[in-house]
$ cat run-v8.cif   # mmCIF, C-alpha atoms
data_run
#
loop_
_atom_site.label_atom_id
_atom_site.label_comp_id
_atom_site.auth_asym_id
_atom_site.auth_seq_id
_atom_site.Cartn_x
_atom_site.Cartn_y
_atom_site.Cartn_z
CA MET A 1 102.21 104.10 107.17
CA ALA A 2 100.85 107.15 108.90
CA LEU A 3 101.78 110.53 107.48
CA ASN A 4 100.09 112.93 109.85
CA ILE A 5 102.59 112.72 112.66
CA GLU A 6 102.48 115.42 115.33
CA ILE A 7 105.69 115.85 117.31
CA ASN A 8 105.15 116.86 120.90
CA PHE A 9 107.75 116.25 123.61
CA GLU A 10 104.98 116.24 126.22
CA ASN A 11 103.44 113.21 124.49
CA THR A 12 106.07 110.51 124.89
CA TYR A 13 106.30 106.95 126.15
CA GLU A 14 108.01 106.49 129.50
CA ASP A 15 111.40 104.88 129.07
CA GLU A 16 111.84 101.47 130.62
CA ILE A 17 115.50 101.97 131.20
CA ILE A 18 118.22 104.41 130.20
CA SER A 19 122.00 104.09 130.21
CA GLN A 20 124.23 106.40 132.18
CA ASP A 21 125.77 107.91 129.06
CA LEU A 22 122.31 108.51 127.49
CA ARG A 23 123.31 106.44 124.46
CA ALA A 24 120.82 103.63 124.98
CA THR A 25 117.24 103.45 126.11
CA SER A 26 114.12 101.46 125.46
CA PHE A 27 110.40 101.94 125.76
CA VAL A 28 107.31 99.86 125.11
CA THR A 29 105.13 100.82 122.19
CA SER A 30 101.62 99.64 121.36
CA LEU A 31 100.87 98.27 117.93
CA GLU A 32 97.65 98.44 115.96
CA ASP A 33 96.89 94.80 116.72
CA GLN A 34 96.94 95.77 120.43
CA THR A 35 100.15 93.93 121.19
CA ASN A 36 103.04 95.69 122.91
CA ILE A 37 106.65 95.55 121.81
CA PRO A 38 109.86 97.02 123.27
CA LEU A 39 111.61 99.50 121.00
CA HIS A 40 115.28 100.24 121.51
CA ILE A 41 117.15 103.43 120.74
CA LYS A 42 120.91 103.39 120.42
CA ILE A 43 123.25 106.27 119.71
CA SER A 44 126.65 105.24 118.41
CA SER A 45 129.74 105.82 120.51
CA LYS A 46 131.82 106.84 117.49
CA PRO A 47 131.03 109.71 115.15
CA HIS A 48 130.05 109.19 111.53
CA GLU A 49 133.11 108.45 109.42
CA LEU A 50 132.54 111.43 107.13
CA LEU A 51 130.89 113.78 109.61
CA PRO A 52 132.79 114.70 112.76
CA ALA A 53 130.57 115.12 115.84
CA VAL A 54 127.58 113.41 114.20
CA TYR A 55 126.50 110.28 116.09
CA ASN A 56 124.14 107.82 114.48
CA LEU A 57 120.82 107.18 116.19
CA ALA A 58 119.22 103.82 115.38
CA PHE A 59 115.87 102.62 116.66
CA GLY A 60 113.73 99.54 116.32
CA PRO A 61 112.94 96.22 117.94
CA LYS A 62 115.76 93.89 118.84
CA ARG A 63 116.42 90.88 116.65
CA ASN A 64 119.41 88.56 117.01
CA GLY A 65 121.16 91.01 119.32
CA GLN A 66 120.83 93.85 116.83
CA ILE A 67 118.44 96.74 116.43
CA ASP A 68 116.31 95.93 113.41
CA ASP A 69 115.66 99.31 111.81
CA SER A 70 114.24 97.85 108.62
CA VAL A 71 111.17 96.13 110.03
CA GLU A 72 107.85 97.84 109.33
CA LEU A 73 105.72 98.10 112.44
CA HIS A 74 102.14 99.31 112.53
CA HIS A 75 102.12 101.56 115.55
CA ALA A 76 98.91 102.49 117.32
CA ASP A 77 100.27 106.01 117.86
CA TYR A 78 103.00 107.11 115.42
CA SER A 79 103.04 110.60 116.90
CA LYS A 80 103.91 109.27 120.32
CA VAL A 81 106.61 106.92 118.96
CA PHE A 82 108.37 109.61 116.92
CA SER A 83 107.98 112.16 119.71
CA THR A 84 109.66 109.71 122.10
CA ILE A 85 112.56 109.08 119.70
CA LEU A 86 113.14 112.76 119.00
CA PHE A 87 112.76 113.61 122.67
CA HIS A 88 115.51 111.11 123.41
CA ALA A 89 117.71 112.79 120.78
CA PHE A 90 116.91 116.12 122.45
CA THR A 91 117.87 114.76 125.88
CA TYR A 92 121.10 113.25 124.53
CA LEU A 93 122.09 116.51 122.83
CA THR A 94 121.34 118.48 126.00
CA GLY A 95 123.64 116.16 127.94
CA ASN A 96 126.32 116.17 125.22
CA PRO A 97 126.90 119.73 124.05
CA GLY A 98 128.69 119.95 120.72
CA HIS A 99 127.33 116.64 119.46
CA ALA A 100 124.85 116.18 116.65
CA VAL A 101 122.63 113.18 116.06
CA GLY A 102 122.03 111.58 112.65
CA ILE A 103 119.11 109.43 111.56
CA ASP A 104 119.39 107.29 108.47
CA GLY A 105 116.40 107.20 106.15
CA SER A 106 116.87 103.50 105.58
CA THR A 107 114.65 103.46 102.50
CA ASN A 108 113.44 106.18 100.17
CA SER A 109 109.88 105.89 101.45
CA ARG A 110 111.02 106.11 105.06
CA ALA A 111 113.26 109.09 104.30
CA TYR A 112 110.28 110.72 102.61
CA LEU A 113 108.12 110.10 105.68
CA TYR A 114 110.78 111.69 107.90
CA TYR A 115 111.04 114.70 105.60
CA ARG A 116 107.27 115.19 105.55
CA THR A 117 107.21 114.90 109.32
CA PHE A 118 109.91 117.59 109.65
CA GLN A 119 107.98 119.88 107.33
CA ARG A 120 104.67 119.26 109.06
CA ASN A 121 106.24 119.95 112.47
CA TYR A 122 108.59 122.68 111.31
CA ASP A 123 107.52 125.30 113.86
CA TYR A 124 107.77 122.91 116.79
CA LEU A 125 111.08 121.31 115.78
CA ASN A 126 112.58 124.66 114.87
CA GLN A 127 112.20 125.75 118.50
CA HIS A 128 114.55 122.97 119.58
CA PHE A 129 116.71 121.83 116.68
CA GLU A 130 118.52 122.85 113.57
CA VAL A 131 117.75 120.05 111.12
CA PHE A 132 119.90 119.26 108.11
CA GLY A 133 119.42 116.87 105.23
CA LEU A 134 122.40 115.11 103.80
CA LYS A 135 123.10 113.91 100.29
CA TYR A 136 126.19 112.07 99.28
CA TYR A 137 127.92 112.83 96.02
CA VAL A 138 130.27 110.29 94.54
CA ARG A 139 132.83 111.43 92.01
CA ILE A 140 132.67 109.86 88.59
CA THR A 141 136.17 109.03 87.45
CA ARG A 142 137.44 108.88 83.91
CA PHE A 143 136.69 105.64 82.18
CA GLY A 144 138.99 102.73 82.67
CA LYS A 145 140.25 100.45 79.98
CA THR A 146 136.79 99.11 79.29
CA GLN A 147 133.39 100.68 79.70
CA TYR A 148 132.60 97.98 82.23
CA ASP A 149 135.08 99.31 84.77
CA ASN A 150 133.37 100.87 87.76
CA PRO A 151 133.47 104.62 87.06
CA PHE A 152 132.43 105.68 90.56
CA ASP A 153 135.07 106.57 93.08
CA PHE A 154 133.49 105.58 96.38
CA SER A 155 136.59 106.61 98.28
CA ASP A 156 136.01 110.20 97.19
CA VAL A 157 132.66 111.09 98.64
CA ILE A 158 131.34 114.55 99.39
CA PRO A 159 128.75 114.69 102.17
CA LYS A 160 126.71 117.78 101.39
CA THR A 161 124.30 119.04 104.01
CA LEU A 162 121.45 121.45 103.55
CA GLU A 163 119.47 123.06 106.33
CA ILE A 164 115.86 121.94 106.13
CA ARG A 165 113.72 125.03 106.02
CA ARG A 166 110.00 125.43 105.86
CA GLY A 167 108.34 124.54 102.62
CA ILE A 168 111.38 123.40 100.65
CA ARG A 169 110.17 120.71 98.27
CA VAL A 170 112.42 117.80 97.53
CA ASN A 171 111.71 115.34 94.76
CA PRO A 172 111.11 111.98 96.46
CA GLU A 173 113.50 110.36 93.98
CA SER A 174 116.35 112.59 95.11
CA MET A 175 115.37 112.66 98.77
CA PHE A 176 118.04 113.18 101.43
CA ASN A 177 119.68 109.98 102.63
CA TYR A 178 120.40 111.12 106.15
CA PHE A 179 119.04 113.68 108.61
CA ILE A 180 121.12 115.54 111.17
CA PHE A 181 119.86 117.22 114.32
CA LYS A 182 121.74 119.88 116.24
CA LEU A 183 120.49 121.67 119.31
CA LYS A 184 119.23 125.13 118.59
CA ASN A 185 121.50 127.72 120.19
CA MET B 1 112.93 125.81 126.30
CA ASP B 2 109.80 126.06 128.41
CA GLU B 3 109.95 125.21 132.08
CA SER B 4 108.04 121.91 132.00
CA LEU B 5 110.16 120.57 129.13
CA LYS B 6 113.32 121.69 130.91
CA LYS B 7 112.23 119.79 134.02
CA LYS B 8 111.40 116.70 131.96
CA VAL B 9 114.85 116.72 130.32
CA GLU B 10 116.61 117.28 133.64
CA ALA B 11 114.66 114.41 135.20
CA ARG B 12 115.75 112.04 132.42
CA ILE B 13 119.39 113.11 132.67
CA LYS B 14 119.21 112.59 136.44
CA LYS B 15 117.64 109.16 135.92
CA ALA B 16 120.46 108.26 133.52
CA LYS B 17 123.15 109.44 135.93
CA GLU B 18 121.70 107.22 138.63
CA SER B 19 121.38 104.27 136.29
CA ASN B 20 123.69 101.33 136.66
CA TRP B 21 122.39 99.74 133.52
CA GLN B 22 125.03 98.82 131.01
CA PRO B 23 123.31 97.93 127.79
CA GLU B 24 124.25 94.50 126.56
CA ASN B 25 126.29 94.47 123.44
CA LEU B 26 123.38 95.70 121.36
CA ARG B 27 124.52 96.26 117.81
CA SER B 28 123.01 98.67 115.35
CA ARG B 29 123.43 98.91 111.64
CA LYS B 30 125.87 101.52 110.46
CA PRO B 31 124.32 104.12 108.21
CA ASP B 32 124.77 102.71 104.76
CA SER B 33 123.45 105.54 102.71
CA LEU B 34 126.25 105.13 100.22
CA ARG B 35 124.90 101.75 99.30
CA GLN B 36 121.39 103.12 99.17
CA ILE B 37 122.43 105.43 96.39
CA ILE B 38 122.30 102.52 94.01
CA ASN B 39 119.90 100.13 95.68
CA THR B 40 116.70 101.59 94.33
CA PRO B 41 115.55 101.52 90.71
CA GLU B 42 115.33 105.32 90.68
CA LYS B 43 118.88 105.73 91.88
CA ALA B 44 120.15 103.05 89.52
CA GLU B 45 118.49 104.92 86.66
CA TRP B 46 120.09 108.17 87.79
CA PHE B 47 123.49 106.47 87.93
CA ASN B 48 123.03 105.06 84.47
CA LYS B 49 122.23 108.52 83.15
CA GLN B 50 125.39 109.89 84.77
CA LEU B 51 127.31 107.07 83.21
CA GLU B 52 125.91 107.72 79.75
CA GLU B 53 126.63 111.44 80.13
CA ALA B 54 130.20 110.80 81.19
CA PHE B 55 130.62 108.37 78.31
CA ARG B 56 129.30 110.92 75.79
CA LYS B 57 131.65 113.61 77.08
CA ASP B 58 134.57 111.22 76.99
CA LYS B 59 134.00 110.25 73.36
#
$ encode --input "run-v8.cif" --output "structure tokens"
Amino acid sequence: MALNIEINFENTYEDEIISQDLRATSFVTSLEDQTNIPLHIKISSKPHELLPAVYNLAFGPKRNGQIDDSVELHHADYSKVFSTILFHAFTYLTGNPGHAVGIDGSTNSRAYLYYRTFQRNYDYLNQHFEVFGLKYYVRITRFGKTQYDNPFDFSDVIPKTLEIRRGIRVNPESMFNYFIFKLKN
Amino acid sequence: MDESLKKKVEARIKKAKESNWQPENLRSRKPDSLRQIINTPEKAEWFNKQLEEAFRKDK
């Protein structure tokens, strides 16, 4: 997977189609093997259950009526793909003041790629967004009757966000799970 | 925001407003970061350490 991604909102794929509420769009991306594939972007209509005003943005090809955000594609131009996705987030946020958009790092390696991309493009992204990383903390309860009882209280979760600033190093093993974008005031 | 970017954003918002397209019932996975906490060996190891620590303190 490419790591030297350059975000530039002037270097984006043209969308094929876009919904009236800006929540859905698609564009055609070129892959390394010179085939083309439509990629879909969908922003949820309901906010994140733990984060008011944060709407999840998913992207990927369509499979069985669902956006498949776990498939690994070998894009011919990663910079253009990620610029297109973030430009769509930027457009959505411009049209929906007060909202924030969240992107799930679906695996540790993908979350790490996103984090490196934010750091590499800090100056550019910082002109347009405030970017936050999110970690979830789950309370450990007292032990139950046996040591085999689940000690983690998943109903008591603290979503802790940290603003991503230039140069902050994060151990890949404790990488953020989720990234949140707000429009810069 | 510079002028060309502003125009590009406005053009997309205008295109959306004029769009009659209703996306089909395209589903997307809900963020499941909570599950991810324990679905990697590194995170499982971290959890186990927390567990051992809690067990030691509880003794």
$ resolve_selection --input "run-v8.cif" --expression "the PyMOL selection byres ((chain A) within 9 of (chain B))" --output "compact mmCIF listing (two decimals) with C-alpha atoms, keeping the file's coordinate frame"
# COMPACT_ATOMS: atom_id res chain seq x y z
CA PHE A 9 107.75 116.25 123.61
CA GLU A 10 104.98 116.24 126.22
CA ILE A 17 115.50 101.97 131.20
CA ILE A 18 118.22 104.41 130.20
CA SER A 19 122.00 104.09 130.21
CA GLN A 20 124.23 106.40 132.18
CA ASP A 21 125.77 107.91 129.06
CA LEU A 22 122.31 108.51 127.49
CA ALA A 24 120.82 103.63 124.98
CA THR A 25 117.24 103.45 126.11
CA LYS A 42 120.91 103.39 120.42
CA ILE A 43 123.25 106.27 119.71
CA SER A 44 126.65 105.24 118.41
CA HIS A 48 130.05 109.19 111.53
CA ASN A 56 124.14 107.82 114.48
CA LEU A 57 120.82 107.18 116.19
CA ALA A 58 119.22 103.82 115.38
CA PHE A 59 115.87 102.62 116.66
CA LYS A 62 115.76 93.89 118.84
CA GLY A 65 121.16 91.01 119.32
CA GLN A 66 120.83 93.85 116.83
CA ILE A 67 118.44 96.74 116.43
CA ASP A 68 116.31 95.93 113.41
CA ASP A 69 115.66 99.31 111.81
CA PHE A 87 112.76 113.61 122.67
CA HIS A 88 115.51 111.11 123.41
CA PHE A 90 116.91 116.12 122.45
CA THR A 91 117.87 114.76 125.88
CA TYR A 92 121.10 113.25 124.53
CA THR A 94 121.34 118.48 126.00
CA GLY A 95 123.64 116.16 127.94
CA GLY A 102 122.03 111.58 112.65
CA ILE A 103 119.11 109.43 111.56
CA ASP A 104 119.39 107.29 108.47
CA GLY A 105 116.40 107.20 106.15
CA SER A 106 116.87 103.50 105.58
CA THR A 107 114.65 103.46 102.50
CA ASN A 108 113.44 106.18 100.17
CA GLN A 127 112.20 125.75 118.50
CA HIS A 128 114.55 122.97 119.58
CA LYS A 135 123.10 113.91 100.29
CA TYR A 136 126.19 112.07 99.28
CA TYR A 137 127.92 112.83 96.02
CA VAL A 138 130.27 110.29 94.54
CA ILE A 140 132.67 109.86 88.59
CA THR A 141 136.17 109.03 87.45
CA ARG A 142 137.44 108.88 83.91
CA PHE A 143 136.69 105.64 82.18
CA GLN A 147 133.39 100.68 79.70
CA PRO A 151 133.47 104.62 87.06
CA PHE A 154 133.49 105.58 96.38
CA VAL A 157 132.66 111.09 98.64
CA GLU A 173 113.50 110.36 93.98
CA SER A 174 116.35 112.59 95.11
CA ASN A 177 119.68 109.98 102.63
CA TYR A 178 120.40 111.12 106.15
$ atom_distance --input "run-v8.cif" --atom1 "CA of Asn11 (chain A)" --atom2 "CA of Ile85 (chain A)"
11.1 Å
$ closest_residue --input "run-v8.cif" --among "A:Leu39, A:Leu93, A:Leu113, A:Phe152" --to "Arg23 (chain A)" --atoms "all atoms listed in the file"
A:Leu93
$ resolve_selection --input "run-v8.cif" --expression "the PyMOL selection byres ((chain A and resi 84) around 9)" --output "list in words"
Ile7, Asn8, Phe9, Asn11, Thr12, Tyr13, Glu14, Asp15, Phe27, Ser79, Lys80, Val81, Phe82, Ser83, Ile85, Leu86, Phe87, His88 and Ala89 of chain A
$ atom_distance --input "run-v8.cif" --atom1 "CA of His99 (chain A)" --atom2 "CA of Ile180 (chain A)"
10.4 Å
$ atom_distance --input "run-v8.cif" --atom1 "CA of Ser26 (chain A)" --atom2 "CA of Phe118 (chain A)"
23.0 Å
$ residues_near_point --input "run-v8.cif" --point "(116.4, 124.2, 117.2)" --cutoff "8 Å" --atoms "all atoms listed in the file" --output "list in words"
Leu125, Asn126, Gln127, His128, Phe129, Glu130, Val131, Lys182, Leu183, Lys184 and Asn185 of chain A
$ axis_aligned_box --input "run-v8.cif" --around "region 79-86 of chain A" --padding-each-side "4 Å" --output "JSON"
{"center_x": 108.1, "center_y": 109.8, "center_z": 119.5, "size_x": 18.1, "size_y": 13.8, "size_z": 13.2}
$ residues_near_point --input "run-v8.cif" --point "(129.0, 116.7, 106.8)" --cutoff "8 Å" --atoms "all atoms listed in the file" --output "PyMOL selection string"
chain A and resi 50-52+134+159-161
$ decode --input "run-v8.cif" --residues "region 101-153 of chain A" --atoms "C-alpha atoms" --output "short mmCIF file (atom, residue, chain, number, x, y, z; two decimals), in the first residue's frame"
data_model
loop_
_atom_site.label_atom_id
_atom_site.label_comp_id
_atom_site.auth_asym_id
_atom_site.auth_seq_id
_atom_site.Cartn_x
_atom_site.Cartn_y
_atom_site.Cartn_z
CA VAL A 101 -17.46 13.43 9.65
CA GLY A 102 -15.83 10.28 11.06
CA ILE A 103 -13.72 7.73 9.24
CA ASP A 104 -13.13 4.33 10.76
CA GLY A 105 -9.63 2.91 10.53
CA SER A 106 -11.00 -0.54 9.82
CA THR A 107 -7.71 -2.26 10.60
CA ASN A 108 -4.63 -1.17 12.51
CA SER A 109 -2.56 -0.96 9.34
CA ARG A 110 -5.20 1.13 7.60
CA ALA A 111 -5.55 3.42 10.61
CA TYR A 112 -1.78 3.80 10.59
CA LEU A 113 -1.84 4.71 6.90
CA TYR A 114 -4.50 7.36 7.57
CA TYR A 115 -2.50 8.78 10.46
CA ARG A 116 0.68 8.97 8.38
CA THR A 117 -1.28 10.64 5.61
CA PHE A 118 -2.64 13.26 8.03
CA GLN A 119 0.84 13.95 9.33
CA ARG A 120 2.38 14.12 5.88
CA ASN A 121 -0.33 16.53 4.72
CA TYR A 122 -0.66 18.41 7.99
CA ASP A 123 -0.18 21.90 6.54
CA TYR A 124 -2.70 21.36 3.74
CA LEU A 125 -5.35 19.65 5.86
CA ASN A 126 -4.92 22.14 8.68
CA GLN A 127 -6.07 24.91 6.32
CA HIS A 128 -9.44 23.19 5.95
CA PHE A 129 -10.08 20.86 8.86
CA GLU A 130 -9.59 20.24 12.52
CA VAL A 131 -8.73 16.55 12.71
CA PHE A 132 -9.18 14.46 15.82
CA GLY A 133 -8.19 10.91 16.64
CA LEU A 134 -10.44 8.82 18.80
CA LYS A 135 -9.64 6.05 21.22
CA TYR A 136 -12.22 4.12 23.12
CA TYR A 137 -11.69 3.20 26.74
CA VAL A 138 -13.68 0.39 28.25
CA ARG A 139 -14.04 0.22 32.00
CA ILE A 140 -12.73 -2.88 33.70
CA THR A 141 -15.21 -3.98 36.32
CA ARG A 142 -14.49 -5.84 39.50
CA PHE A 143 -14.15 -9.56 39.04
CA GLY A 144 -17.23 -11.68 39.00
CA LYS A 145 -17.67 -14.94 40.80
CA THR A 146 -15.05 -16.63 38.66
CA GLN A 147 -12.02 -15.25 36.90
CA TYR A 148 -13.61 -16.32 33.63
CA ASP A 149 -16.39 -13.75 33.87
CA ASN A 150 -16.00 -10.98 31.32
CA PRO A 151 -14.42 -8.11 33.28
CA PHE A 152 -14.99 -5.48 30.61
CA ASP A 153 -18.03 -3.29 30.79
#
